[in-house]
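Enquirer: So here's final.cif, just mmCIF, C-alpha atoms:
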```cif
data_input
#
loop_
_atom_site.label_atom_id
_atom_site.label_comp_id
_atom_site.auth_asym_id
_atom_site.auth_seq_id
_atom_site.Cartn_x
_atom_site.Cartn_y
_atom_site.Cartn_z
CA MET A 94 -12.91 -193.61 -28.69
CA GLN A 95 -9.13 -193.41 -28.82
CA SER A 96 -9.03 -190.56 -26.33
CA LYS A 97 -10.58 -192.79 -23.67
CA MET A 98 -8.08 -195.64 -24.00
CA PRO A 99 -5.43 -194.30 -21.56
CA MET A 100 -8.04 -194.01 -18.82
CA ILE A 101 -9.27 -197.57 -19.45
CA GLU A 102 -5.73 -198.89 -19.38
CA CYS A 103 -5.14 -197.02 -16.12
CA ILE A 104 -8.17 -198.65 -14.52
CA VAL A 105 -7.30 -202.13 -15.82
CA THR A 106 -3.85 -201.90 -14.29
CA PHE A 107 -5.17 -200.44 -11.03
CA ARG A 108 -3.57 -202.21 -8.06
CA CYS A 109 -6.48 -203.79 -6.22
CA ASP A 110 -5.74 -202.97 -2.58
CA CYS A 111 -9.29 -202.25 -1.51
CA PHE A 112 -12.88 -203.18 -2.13
CA PHE A 113 -13.57 -200.16 -4.33
CA GLY A 114 -10.49 -200.86 -6.40
CA ARG A 115 -11.95 -204.25 -7.19
CA LEU A 116 -15.25 -202.69 -8.31
CA LEU A 117 -13.41 -200.29 -10.62
CA GLU A 118 -11.47 -203.21 -12.02
CA LEU A 119 -14.69 -205.09 -12.76
CA ALA A 120 -16.13 -202.10 -14.59
CA ALA A 121 -13.02 -201.82 -16.76
CA MET A 122 -13.15 -205.53 -17.59
CA GLY A 123 -16.73 -205.35 -18.80
CA CYS A 124 -17.92 -206.98 -15.53
CA ARG A 125 -16.17 -210.28 -16.27
CA ARG A 126 -16.39 -212.24 -13.03
CA GLN A 127 -13.49 -214.42 -12.00
CA SER A 128 -14.23 -217.64 -10.14
CA ILE A 129 -12.75 -218.56 -6.74
CA VAL A 130 -13.21 -221.83 -4.85
CA LEU A 131 -12.41 -222.12 -1.14
CA PHE A 132 -11.54 -225.78 -0.57
CA ILE A 133 -12.11 -226.97 3.00
CA PHE A 134 -12.55 -230.27 4.80
CA ASN A 135 -15.99 -229.66 6.36
CA PHE A 136 -17.51 -226.19 6.11
CA SER A 137 -20.51 -227.11 8.26
CA ARG A 138 -18.39 -227.23 11.43
CA GLY A 139 -18.56 -224.26 13.78
CA ALA A 140 -14.85 -223.68 14.43
CA GLY A 141 -12.55 -220.69 13.96
CA SER A 142 -11.19 -221.72 10.57
CA GLU A 143 -14.68 -222.17 9.17
CA ARG A 144 -15.61 -218.73 10.52
CA ALA A 145 -12.56 -217.19 8.83
CA ALA A 146 -13.41 -218.97 5.57
CA ALA A 147 -17.02 -217.75 5.71
CA THR A 148 -15.86 -214.17 6.36
CA LEU A 149 -13.47 -214.27 3.40
CA ALA A 150 -16.02 -215.93 1.09
CA ASN A 151 -18.60 -213.28 1.90
CA TYR A 152 -16.12 -210.46 1.35
CA LEU A 153 -14.93 -211.82 -2.02
CA ALA A 154 -18.52 -212.32 -3.19
CA GLY A 155 -19.23 -208.70 -2.26
CA ALA A 156 -16.14 -207.64 -4.22
CA GLY A 157 -17.56 -209.13 -7.42
CA TYR A 158 -16.03 -212.59 -7.62
CA ASP A 159 -17.99 -215.78 -8.26
CA VAL A 160 -17.30 -217.64 -5.02
CA ALA A 161 -17.92 -221.25 -4.05
CA VAL A 162 -16.98 -223.20 -0.95
CA LEU A 163 -16.16 -226.84 -1.62
CA SER A 164 -16.12 -229.28 1.31
CA ILE A 165 -14.78 -232.80 1.22
CA CYS A 166 -17.52 -233.93 3.60
CA GLY A 167 -20.31 -232.51 5.75
CA ASP A 168 -23.97 -231.66 5.29
CA ASN A 169 -23.47 -228.87 2.69
CA THR A 170 -24.45 -226.08 5.08
CA SER A 171 -22.60 -223.30 6.87
CA PHE A 172 -22.69 -222.89 10.63
CA TYR A 173 -21.93 -219.20 10.11
CA ASP A 174 -23.84 -216.62 8.09
CA ILE A 175 -23.02 -216.96 4.41
CA ASP A 176 -23.83 -214.60 1.55
CA ASP A 177 -26.56 -215.88 -0.81
CA ARG A 178 -24.14 -215.37 -3.70
CA VAL A 179 -21.70 -217.97 -2.28
CA GLU A 180 -22.33 -221.47 -3.63
CA LEU A 181 -21.86 -224.43 -1.28
CA HIS A 182 -20.74 -227.82 -2.60
CA THR A 183 -19.74 -231.06 -0.89
CA LEU A 184 -17.94 -233.99 -2.48
CA PHE A 185 -19.25 -236.59 -0.03
CA SER A 186 -22.36 -235.41 1.81
CA HIS A 187 -23.13 -237.11 5.12
CA GLU A 188 -20.15 -239.46 4.86
CA ILE A 189 -17.23 -239.93 7.24
CA ILE A 190 -14.09 -239.37 5.19
CA ASP A 191 -10.60 -240.41 6.27
CA ASN A 192 -7.94 -238.43 4.43
CA ARG A 193 -5.54 -241.37 4.22
CA ARG A 194 -7.97 -244.21 3.56
CA ASP A 195 -10.12 -242.26 1.09
CA MET A 196 -7.48 -240.18 -0.66
CA ALA A 197 -7.98 -241.83 -4.07
CA ARG A 198 -11.77 -241.29 -3.88
CA VAL A 199 -11.30 -237.66 -2.94
CA LEU A 200 -8.84 -237.03 -5.77
CA LYS A 201 -11.21 -238.60 -8.30
CA ALA A 202 -14.18 -236.56 -7.07
CA LEU A 203 -12.08 -233.39 -6.97
CA ARG A 204 -10.93 -233.80 -10.55
CA GLN A 205 -14.51 -234.36 -11.65
CA PHE A 206 -15.71 -231.25 -9.79
CA TYR A 207 -13.03 -229.02 -11.31
CA SER A 208 -13.50 -230.45 -14.82
CA LEU A 209 -17.11 -229.27 -14.88
CA ARG A 210 -16.27 -225.66 -14.07
CA THR A 211 -14.09 -222.78 -15.16
CA ILE A 212 -12.10 -221.82 -12.09
CA ASP A 213 -9.50 -219.08 -11.79
CA LEU A 214 -8.30 -219.64 -8.21
CA VAL A 215 -8.49 -222.35 -5.56
CA ILE A 216 -7.78 -221.42 -1.93
CA ASP A 217 -6.95 -224.43 0.24
CA VAL A 218 -8.12 -223.83 3.81
CA PHE A 219 -5.32 -225.72 5.64
CA ALA A 220 -2.01 -226.87 4.21
CA GLY A 221 -3.11 -230.50 4.35
CA LEU A 222 -5.57 -229.90 1.52
CA SER A 223 -2.77 -228.66 -0.72
CA LEU A 224 -1.76 -232.31 -1.08
CA TYR A 225 -5.02 -232.86 -2.96
CA THR A 226 -4.93 -229.64 -4.95
CA ASN A 227 -1.32 -229.99 -6.05
CA ALA A 228 -2.02 -233.58 -7.13
CA VAL A 229 -4.78 -232.51 -9.54
CA LYS A 230 -4.01 -228.97 -10.61
CA ARG A 231 -1.64 -229.99 -13.37
CA HIS A 232 -4.78 -230.94 -15.31
CA PHE A 233 -6.22 -227.43 -14.94
CA SER A 234 -5.20 -223.82 -15.43
CA PHE A 235 -6.30 -222.33 -12.08
CA LYS A 236 -3.94 -220.63 -9.66
CA ASN A 237 -3.68 -221.87 -6.09
CA ILE A 238 -3.27 -220.28 -2.63
CA THR A 239 -2.73 -222.46 0.42
CA TRP A 240 -4.09 -220.79 3.56
CA GLU A 241 -2.55 -222.46 6.61
CA HIS A 242 -4.46 -222.12 9.89
CA PHE A 243 -2.13 -224.06 12.18
CA SER A 244 1.03 -222.57 13.62
CA LEU A 245 4.36 -223.86 12.40
CA GLY A 246 5.12 -225.31 15.82
CA ASN A 247 1.98 -227.49 15.65
CA GLU A 248 3.35 -230.16 13.35
CA THR A 249 3.10 -233.84 12.47
CA PRO A 250 5.02 -235.73 9.73
CA VAL A 251 1.99 -235.36 7.42
CA SER A 252 1.56 -231.63 8.08
CA ARG A 253 5.30 -231.08 7.55
CA LEU A 254 5.01 -232.79 4.16
CA ALA A 255 1.92 -230.72 3.32
CA ARG A 256 3.71 -227.48 4.20
CA PHE A 257 6.70 -228.46 2.08
CA CYS A 258 4.37 -229.08 -0.86
CA ALA A 259 2.49 -225.83 -0.24
CA VAL A 260 5.67 -223.75 -0.17
CA HIS A 261 7.16 -225.34 -3.28
CA PHE A 262 4.14 -226.12 -5.48
CA SER A 263 1.31 -223.76 -4.53
CA ASP A 264 1.44 -220.34 -6.12
CA GLN A 265 1.24 -218.70 -2.69
CA LEU A 266 1.19 -219.80 0.95
CA VAL A 267 -0.65 -217.53 3.37
CA VAL A 268 0.07 -217.91 7.09
CA LEU A 269 -1.65 -216.14 9.96
CA THR A 270 1.15 -214.43 11.88
CA LYS A 271 4.43 -212.64 11.35
CA ALA A 272 6.02 -215.11 13.76
CA ASP A 273 5.05 -218.01 11.50
CA LEU A 274 6.20 -216.07 8.44
CA SER A 275 9.65 -215.71 10.01
CA GLY A 276 9.69 -219.44 10.77
CA TYR A 277 8.84 -220.37 7.18
CA CYS A 278 11.46 -217.98 5.84
CA ARG A 279 14.10 -219.64 7.99
CA ARG A 280 13.04 -223.15 7.06
CA TYR A 281 12.37 -222.57 3.35
CA ALA A 282 14.74 -219.68 2.59
CA ARG A 283 14.87 -220.30 -1.16
CA SER A 284 11.09 -220.31 -1.52
CA ALA A 285 10.25 -217.62 1.05
CA VAL A 286 8.93 -215.33 -1.69
CA ARG A 287 5.91 -217.65 -1.91
CA VAL A 288 4.96 -217.08 1.75
CA LYS A 289 2.92 -214.14 3.00
CA ALA A 290 1.33 -213.31 6.38
CA ILE A 291 -2.27 -212.06 6.49
CA TYR A 292 -4.17 -211.89 9.76
CA ASN A 293 -7.69 -213.25 9.96
CA ALA A 294 -10.29 -210.50 9.90
CA SER A 295 -12.91 -209.95 12.55
CA PRO A 296 -16.33 -210.64 11.03
CA TYR A 297 -17.74 -207.81 13.16
CA ASN A 298 -17.68 -204.09 12.59
CA CYS A 299 -15.71 -202.16 15.20
CA GLU A 300 -18.19 -200.79 17.73
CA ILE A 301 -17.94 -197.97 20.21
CA PRO A 302 -17.50 -200.07 23.34
CA LEU A 303 -20.15 -199.99 26.01
CA PRO A 304 -18.86 -198.54 29.26
CA PHE A 305 -18.17 -201.01 32.05
CA SER A 306 -21.21 -199.70 33.92
CA ASP A 307 -23.45 -200.97 31.09
CA ARG A 308 -21.86 -204.40 30.90
CA LYS A 309 -22.23 -207.49 32.98
CA LYS A 310 -19.50 -208.74 35.28
CA VAL A 311 -18.74 -211.61 32.95
CA VAL A 312 -15.45 -213.30 32.10
CA LEU A 313 -15.93 -215.02 28.75
CA ALA A 314 -14.13 -218.08 27.37
CA ILE A 315 -14.85 -219.35 23.84
CA GLY A 316 -13.80 -222.44 21.92
CA ARG A 317 -14.31 -226.11 21.23
CA LEU A 318 -14.30 -228.18 24.40
CA THR A 319 -11.28 -230.24 23.37
CA ARG A 320 -7.95 -230.97 24.96
CA VAL A 321 -5.95 -228.38 23.03
CA LYS A 322 -8.18 -225.56 24.30
CA ARG A 323 -7.48 -226.56 27.94
CA PHE A 324 -10.62 -225.20 29.58
CA ASP A 325 -9.62 -227.18 32.65
CA ARG A 326 -6.97 -224.52 33.22
CA ILE A 327 -9.45 -221.65 33.36
CA LEU A 328 -11.58 -223.65 35.81
CA LYS A 329 -8.57 -223.97 38.10
CA VAL A 330 -7.83 -220.26 37.77
CA TRP A 331 -11.48 -219.46 38.45
CA SER A 332 -11.47 -221.61 41.58
CA ALA A 333 -8.88 -219.22 43.03
CA LEU A 334 -10.94 -216.15 42.11
CA GLU A 335 -14.58 -217.01 42.66
CA GLY A 336 -14.54 -216.61 46.44
CA ASN A 337 -13.38 -213.00 46.24
CA HIS A 338 -15.50 -212.10 43.22
CA SER A 339 -18.88 -213.69 43.85
CA ASP A 340 -20.59 -211.00 41.75
CA TRP A 341 -18.70 -212.15 38.65
CA THR A 342 -19.58 -215.10 36.35
CA LEU A 343 -17.44 -217.24 34.07
CA ARG A 344 -19.30 -218.05 30.85
CA ILE A 345 -17.95 -220.79 28.57
CA ALA A 346 -19.25 -220.78 24.99
CA GLY A 347 -18.57 -223.91 22.96
CA ASP A 348 -19.16 -227.63 22.78
CA GLY A 349 -17.07 -230.73 22.31
CA GLU A 350 -16.08 -234.14 23.59
CA LEU A 351 -14.89 -232.81 26.97
CA ARG A 352 -18.18 -231.13 27.88
CA ASP A 353 -19.23 -233.71 30.48
CA ALA A 354 -15.71 -233.99 31.93
CA LEU A 355 -15.48 -230.21 32.36
CA ARG A 356 -18.89 -230.04 33.99
CA ALA A 357 -17.80 -232.78 36.39
CA GLU A 358 -14.58 -230.92 37.19
CA CYS A 359 -16.57 -227.77 37.79
CA ALA A 360 -18.72 -229.63 40.32
CA GLU A 361 -15.67 -231.22 41.94
CA LEU A 362 -14.10 -227.78 42.43
CA GLY A 363 -17.33 -226.52 43.97
CA LEU A 364 -17.69 -223.69 41.46
CA ARG A 365 -21.06 -221.94 41.59
CA HIS A 366 -20.63 -219.08 39.16
CA VAL A 367 -19.76 -220.91 35.94
CA SER A 368 -22.16 -221.23 32.99
CA PHE A 369 -21.70 -223.67 30.10
CA LEU A 370 -23.52 -222.13 27.12
CA GLY A 371 -22.94 -224.83 24.52
CA GLN A 372 -22.37 -223.80 20.91
CA VAL A 373 -23.53 -220.23 20.46
CA LEU A 374 -24.86 -219.01 17.11
CA LYS A 375 -24.73 -215.27 17.87
CA LEU A 376 -21.46 -214.72 19.68
CA GLU A 377 -21.76 -210.97 19.23
CA ASP A 378 -24.37 -210.93 22.00
CA GLU A 379 -21.87 -212.56 24.36
CA TYR A 380 -19.12 -210.14 23.39
CA ARG A 381 -21.33 -207.11 23.99
CA GLU A 382 -22.15 -208.23 27.52
CA ALA A 383 -18.72 -209.51 28.57
CA SER A 384 -16.13 -207.41 30.39
CA ILE A 385 -13.09 -209.67 29.95
CA ILE A 386 -12.17 -212.58 27.68
CA VAL A 387 -9.70 -215.33 28.61
CA SER A 388 -7.72 -217.93 26.66
CA THR A 389 -5.84 -220.87 28.15
CA SER A 390 -5.09 -222.95 25.03
CA GLU A 391 -2.01 -225.10 24.66
CA SER A 392 -1.45 -223.47 21.28
CA GLU A 393 -3.21 -221.34 18.68
CA ALA A 394 -2.14 -220.05 15.29
CA LEU A 395 -4.14 -216.84 15.67
CA PRO A 396 -6.92 -216.93 18.29
CA MET A 397 -10.05 -215.59 16.59
CA ASN A 398 -11.87 -215.07 19.87
CA LEU A 399 -9.30 -212.48 20.97
CA ILE A 400 -9.58 -210.66 17.62
CA GLU A 401 -13.37 -210.69 17.69
CA ALA A 402 -13.43 -209.48 21.29
CA LEU A 403 -11.43 -206.38 20.32
CA SER A 404 -14.27 -205.35 17.99
CA PHE A 405 -16.47 -204.98 21.06
CA GLY A 406 -13.86 -203.39 23.30
CA VAL A 407 -13.33 -206.53 25.41
CA PRO A 408 -9.78 -206.79 26.80
CA ALA A 409 -8.13 -210.19 27.10
CA VAL A 410 -6.10 -212.11 29.63
CA THR A 411 -4.33 -214.99 27.93
CA LEU A 412 -1.55 -217.49 28.41
CA ASP A 413 1.61 -216.82 26.41
CA TYR A 414 1.50 -219.53 23.75
CA GLN A 415 3.76 -219.56 20.72
CA THR A 416 1.92 -217.42 18.18
CA GLY A 417 -0.99 -215.06 18.24
CA PRO A 418 -1.44 -213.11 21.48
CA ARG A 419 1.63 -210.90 21.07
CA GLU A 420 0.47 -209.86 17.59
CA ILE A 421 -3.08 -209.13 18.76
CA LEU A 422 -2.67 -207.50 22.17
CA GLN A 423 -0.58 -204.63 23.44
CA GLN A 424 0.70 -205.85 26.77
CA GLY A 425 -0.85 -203.98 29.68
CA VAL A 426 -2.87 -201.75 27.32
CA SER A 427 -5.48 -203.82 25.47
CA GLY A 428 -4.97 -206.90 27.60
CA PHE A 429 -2.57 -208.98 29.62
CA ILE A 430 -0.37 -211.82 28.38
CA ALA A 431 0.40 -214.00 31.39
CA GLU A 432 4.15 -214.57 31.31
CA GLY A 433 6.22 -217.20 33.06
CA GLU A 434 8.83 -219.87 32.45
CA THR A 435 6.35 -222.70 33.05
CA VAL A 436 2.63 -223.14 32.46
CA ASP A 437 2.08 -223.08 36.22
CA ASP A 438 3.91 -219.74 36.42
CA GLN A 439 1.72 -218.39 33.63
CA MET A 440 -1.47 -219.63 35.30
CA ASN A 441 -0.45 -217.91 38.53
CA ALA A 442 0.21 -214.72 36.56
CA MET A 443 -3.17 -215.08 34.86
CA THR A 444 -4.89 -215.38 38.24
CA GLU A 445 -3.17 -212.22 39.43
CA ARG A 446 -3.99 -210.27 36.27
CA LEU A 447 -7.64 -211.32 36.31
CA ASP A 448 -7.94 -210.47 39.98
CA LYS A 449 -6.49 -207.01 39.27
CA LEU A 450 -8.87 -206.31 36.37
CA MET A 451 -11.93 -207.61 38.22
CA SER A 452 -11.05 -205.38 41.19
CA ASP A 453 -10.12 -202.16 39.38
CA ASN A 454 -12.97 -200.60 37.41
CA THR A 455 -10.84 -197.69 36.24
CA LEU A 456 -8.16 -199.95 34.78
CA LEU A 457 -10.77 -202.19 33.16
CA SER A 458 -12.53 -199.22 31.55
CA SER A 459 -9.22 -197.92 30.19
CA MET A 460 -8.38 -201.32 28.72
CA MET A 461 -11.82 -201.53 27.09
CA ALA A 462 -11.16 -198.30 25.21
CA SER A 463 -7.70 -199.48 24.14
CA ALA A 464 -9.07 -202.84 23.00
CA ALA A 465 -11.53 -201.09 20.68
CA GLN A 466 -8.66 -199.09 19.18
CA GLY A 467 -6.68 -202.29 18.62
CA ALA A 468 -9.51 -203.78 16.59
CA LYS A 469 -8.77 -201.55 13.58
CA ALA A 470 -5.80 -203.67 12.48
CA PHE A 471 -8.14 -206.65 12.09
CA SER A 472 -11.06 -204.91 10.41
CA LEU A 473 -12.61 -206.52 7.37
CA ASP A 474 -11.72 -203.54 5.19
CA GLU A 475 -8.06 -203.78 6.20
CA ILE A 476 -7.68 -207.55 5.89
CA GLY A 477 -10.02 -207.91 2.93
CA GLY A 478 -8.00 -205.32 1.05
CA GLN A 479 -4.84 -207.36 1.58
CA TRP A 480 -6.57 -210.45 0.16
CA LEU A 481 -7.87 -208.52 -2.85
CA SER A 482 -4.38 -207.20 -3.57
CA LEU A 483 -2.85 -210.67 -3.36
CA ILE A 484 -5.53 -212.25 -5.56
CA HIS A 485 -5.27 -209.48 -8.13
CA GLU A 486 -1.49 -209.87 -8.37
CA LEU A 487 -1.70 -213.64 -8.61
CA LEU A 488 -4.40 -213.79 -11.26
CA ASN A 489 -2.57 -211.22 -13.35
CA ASP A 490 0.90 -212.77 -12.98
CA ASP A 491 1.69 -215.03 -15.89
CA THR A 492 5.01 -216.09 -14.29
CA ALA A 493 3.38 -217.95 -11.36
CA ASN A 494 3.70 -221.69 -11.58
#
```
Re-express the file's structure as structure tokens.

Expert:
Amino acid sequence: MQSKMPMIECIVTFRCDCFFGRLLELAAMGCRRQSIVLFIFNFSRGAGSERAAATLANYLAGAGYDVAVLSICGDNTSFYDIDDRVELHTLFSHEIIDNRRDMARVLKALRQFYSLRTIDLVIDVFAGLSLYTNAVKRHFSFKNITWEHFSLGNETPVSRLARFCAVHFSDQLVVLTKADLSGYCRRYARSAVRVKAIYNASPYNCEIPLPFSDRKKVVLAIGRLTRVKRFDRILKVWSALEGNHSDWTLRIAGDGELRDALRAECAELGLRHVSFLGQVLKLEDEYREASIIVSTSESEALPMNLIEALSFGVPAVTLDYQTGPREILQQGVSGFIAEGETVDDQMNAMTERLDKLMSDNTLLSSMMASAAQGAKAFSLDEIGGQWLSLIHELLNDDTAN
């Protein structure tokens, strides 16, 4: 037996930077499964953060962890595909919860939930939820990661407080971009060691892109129909393009409170080649058919639709908001970032770039190939490995607070 001990020790101390490293680690530990809870406001919503949480939960379950997703409210379902091994829990099913008004109720329910389970790690999906976790975790022994999905520039007094708490009291803060990481390091220089940037992973495997000749002449826009996504901007851009590109269609996938207003604006502009798809369950079908994707948001932390589109070789044309596009796209290679001093300048640049792509099949085909190459940096193996490494270090670091 003694001759085998060095090999066992080697496996136990194996740095878990990949999926297979995690499996080896489990074998060395006698298959002891550590428990992770992803804590989110409402997992049943079909937005980008919920998609990212579902992707991570599925990956961690596949890597051998016991994984649960805990929502404050909602109907205890997932809009996105979820692994059967992932447990879903909701503190207040089918109730409308206000974070300020109901904070005491949430804290009480959260303490009760955690007291009934042995939990190794809680991942807060959004910095705001770290206010709850940091208020109760002194009663428990679990470690805590806060996973912020809003950019640093998108801030209110409450979110600024939440970020301060996350940086100083969570064991680790994960942000979505290198730009945000730099911002946190400047603001919280003494605690910057607690902050790490990890991109969101595409939930799709990288595919060999279909050639343009096998695709439809579709420009795709995806997102919730809310003010921050500014779909009114793409309608205005499309109004300048539709007359010269009557064989192309703008398809808008998503739903929200501005649905009727956007439909009315579409009619007012006299647009005939625009389709409102509503909320789409299988976005991969839309990506496979589309030739270009567009984004006109006021701001994004890390636009998931641009990342997902790369997996299918769909190049993007996007406005130049604070974070995200410049870390996803290679300008003029896998897409175009519409530059300009003002939003109007950027929209004019977007119109020109779209017109160029829609008119030049050779350029579009080249960008499709480059987009597919760019997807590798956001693959699930790449991003999942970074999460496994972080979790392994944290759960084996006795010095973390």

Enquirer: Please, what distance in Å, to one decimal, runs between atom CA of A:Ala290 and atom CA of A:Thr319?

Expert: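 These atoms are spaced 27.1 Å apart.
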
Enquirer: Given the PyMOL selection byres ((chain A and resi 192-198) around 10) and the file above, list the residues it selects as an NGL selection string.

Expert: :A and (134 or 165 or 184-185 or 189-191 or 199-203 or 221-222 or 224-225)

Enquirer: If you take all atoms listed in the file and a cut-off of 10 Å, which residues of stretch 301-343 of chain A touch stretch 453-460 of chain A, and what are their nearest atom pairs and distances in Å to one decimal, in chain and number order, as CSV?

Expert:
```
residue,atom,partner,partner_atom,distance
A:Pro302,CA,A:Ser458,CA,9.6
A:Leu303,CA,A:Ser458,CA,9.5
A:Pro304,CA,A:Ser458,CA,6.8
A:Phe305,CA,A:Ser458,CA,5.9
A:Ser306,CA,A:Asn454,CA,9.0
```

Enquirer: Expand the PyMOL selection byres ((chain A and resi 330) around 8) into the individual residues it matches in the shown file, reporting them as a VMD selection string.

Expert: chain A and resid 326 to 329 331 to 334 440 to 441 443 to 444

Enquirer: As a ChimeraX atom specification, please: the residues near A:Phe235 (cut-off 7 Å, all atoms listed in the file, same-chain neighbours under 3 positions excluded).

Expert: /A:212-215

Enquirer: Mind writing the picked residues with C-alpha atoms as an mmCIF file, in the coordinates of the input?

Expert:
```cif
data_model
loop_
_atom_site.group_PDB
_atom_site.id
_atom_site.type_symbol
_atom_site.label_atom_id
_atom_site.label_comp_id
_atom_site.auth_asym_id
_atom_site.auth_seq_id
_atom_site.Cartn_x
_atom_site.Cartn_y
_atom_site.Cartn_z
ATOM 1 C CA ILE A 212 -12.100 -221.820 -12.090
ATOM 2 C CA ASP A 213 -9.500 -219.080 -11.790
ATOM 3 C CA LEU A 214 -8.300 -219.640 -8.210
ATOM 4 C CA VAL A 215 -8.490 -222.350 -5.560
#
```

Enquirer: Between A:Gly155, A:Pro396, A:Gly141, A:Gly347, which residue has the minimum interatomic distance to A:Val373, considering all atoms listed in the file?

Expert: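 The shortest atom-to-atom distance to A:Val373 comes from A:Gly347.
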
Enquirer: Residues at most 12 Å from A:Thr239, counting only C-alpha atoms, excluding those fewer than 5 positions away in the same chain, as a count of residues only?

Expert: 37

Enquirer: What's around A:Arg352 at 8 Å? Count all atoms listed in the file, leave out sequence neighbours fewer than 4 positions away in its own chain, and write the answer as an mmCIF file with C-alpha atoms, in the frame of the given file.

Expert:
```cif
data_model
loop_
_atom_site.group_PDB
_atom_site.id
_atom_site.type_symbol
_atom_site.label_atom_id
_atom_site.label_comp_id
_atom_site.auth_asym_id
_atom_site.auth_seq_id
_atom_site.Cartn_x
_atom_site.Cartn_y
_atom_site.Cartn_z
ATOM 1 C CA LEU A 318 -14.300 -228.180 24.400
ATOM 2 C CA ASP A 348 -19.160 -227.630 22.780
ATOM 3 C CA ARG A 356 -18.890 -230.040 33.990
#
```

Enquirer: Taking into account only C-alpha atoms, which residue in the set A:Leu473, A:Met397, A:Ile421, A:Ala314 is nearest to A:Ile345?

Expert: A:Ala314

Enquirer: Can you pull out every residue within 12 Å of A:Ala431, counting all atoms listed in the file, but drop anything in the same chain fewer than 6 positions away, and send it as a PyMOL selection string?

Expert: chain A and resi 387-389+409-414+418-419+422+424-425+437-447

Enquirer: Write a file of the just-selected residues containing C-alpha atoms, as a PDB file, in the coordinates of the input.

Expert:
```pdb
ATOM      1  CA  VAL A 387      -9.700-215.330  28.610  1.00  0.00           C
ATOM      2  CA  SER A 388      -7.720-217.930  26.660  1.00  0.00           C
ATOM      3  CA  THR A 389      -5.840-220.870  28.150  1.00  0.00           C
ATOM      4  CA  ALA A 409      -8.130-210.190  27.100  1.00  0.00           C
ATOM      5  CA  VAL A 410      -6.100-212.110  29.630  1.00  0.00           C
ATOM      6  CA  THR A 411      -4.330-214.990  27.930  1.00  0.00           C
ATOM      7  CA  LEU A 412      -1.550-217.490  28.410  1.00  0.00           C
ATOM      8  CA  ASP A 413       1.610-216.820  26.410  1.00  0.00           C
ATOM      9  CA  TYR A 414       1.500-219.530  23.750  1.00  0.00           C
ATOM     10  CA  PRO A 418      -1.440-213.110  21.480  1.00  0.00           C
ATOM     11  CA  ARG A 419       1.630-210.900  21.070  1.00  0.00           C
ATOM     12  CA  LEU A 422      -2.670-207.500  22.170  1.00  0.00           C
ATOM     13  CA  GLN A 424       0.700-205.850  26.770  1.00  0.00           C
ATOM     14  CA  GLY A 425      -0.850-203.980  29.680  1.00  0.00           C
ATOM     15  CA  ASP A 437       2.080-223.080  36.220  1.00  0.00           C
ATOM     16  CA  ASP A 438       3.910-219.740  36.420  1.00  0.00           C
ATOM     17  CA  GLN A 439       1.720-218.390  33.630  1.00  0.00           C
ATOM     18  CA  MET A 440      -1.470-219.630  35.300  1.00  0.00           C
ATOM     19  CA  ASN A 441      -0.450-217.910  38.530  1.00  0.00           C
ATOM     20  CA  ALA A 442       0.210-214.720  36.560  1.00  0.00           C
ATOM     21  CA  MET A 443      -3.170-215.080  34.860  1.00  0.00           C
ATOM     22  CA  THR A 444      -4.890-215.380  38.240  1.00  0.00           C
ATOM     23  CA  GLU A 445      -3.170-212.220  39.430  1.00  0.00           C
ATOM     24  CA  ARG A 446      -3.990-210.270  36.270  1.00  0.00           C
ATOM     25  CA  LEU A 447      -7.640-211.320  36.310  1.00  0.00           C
TER      26      LEU A 447
END
```
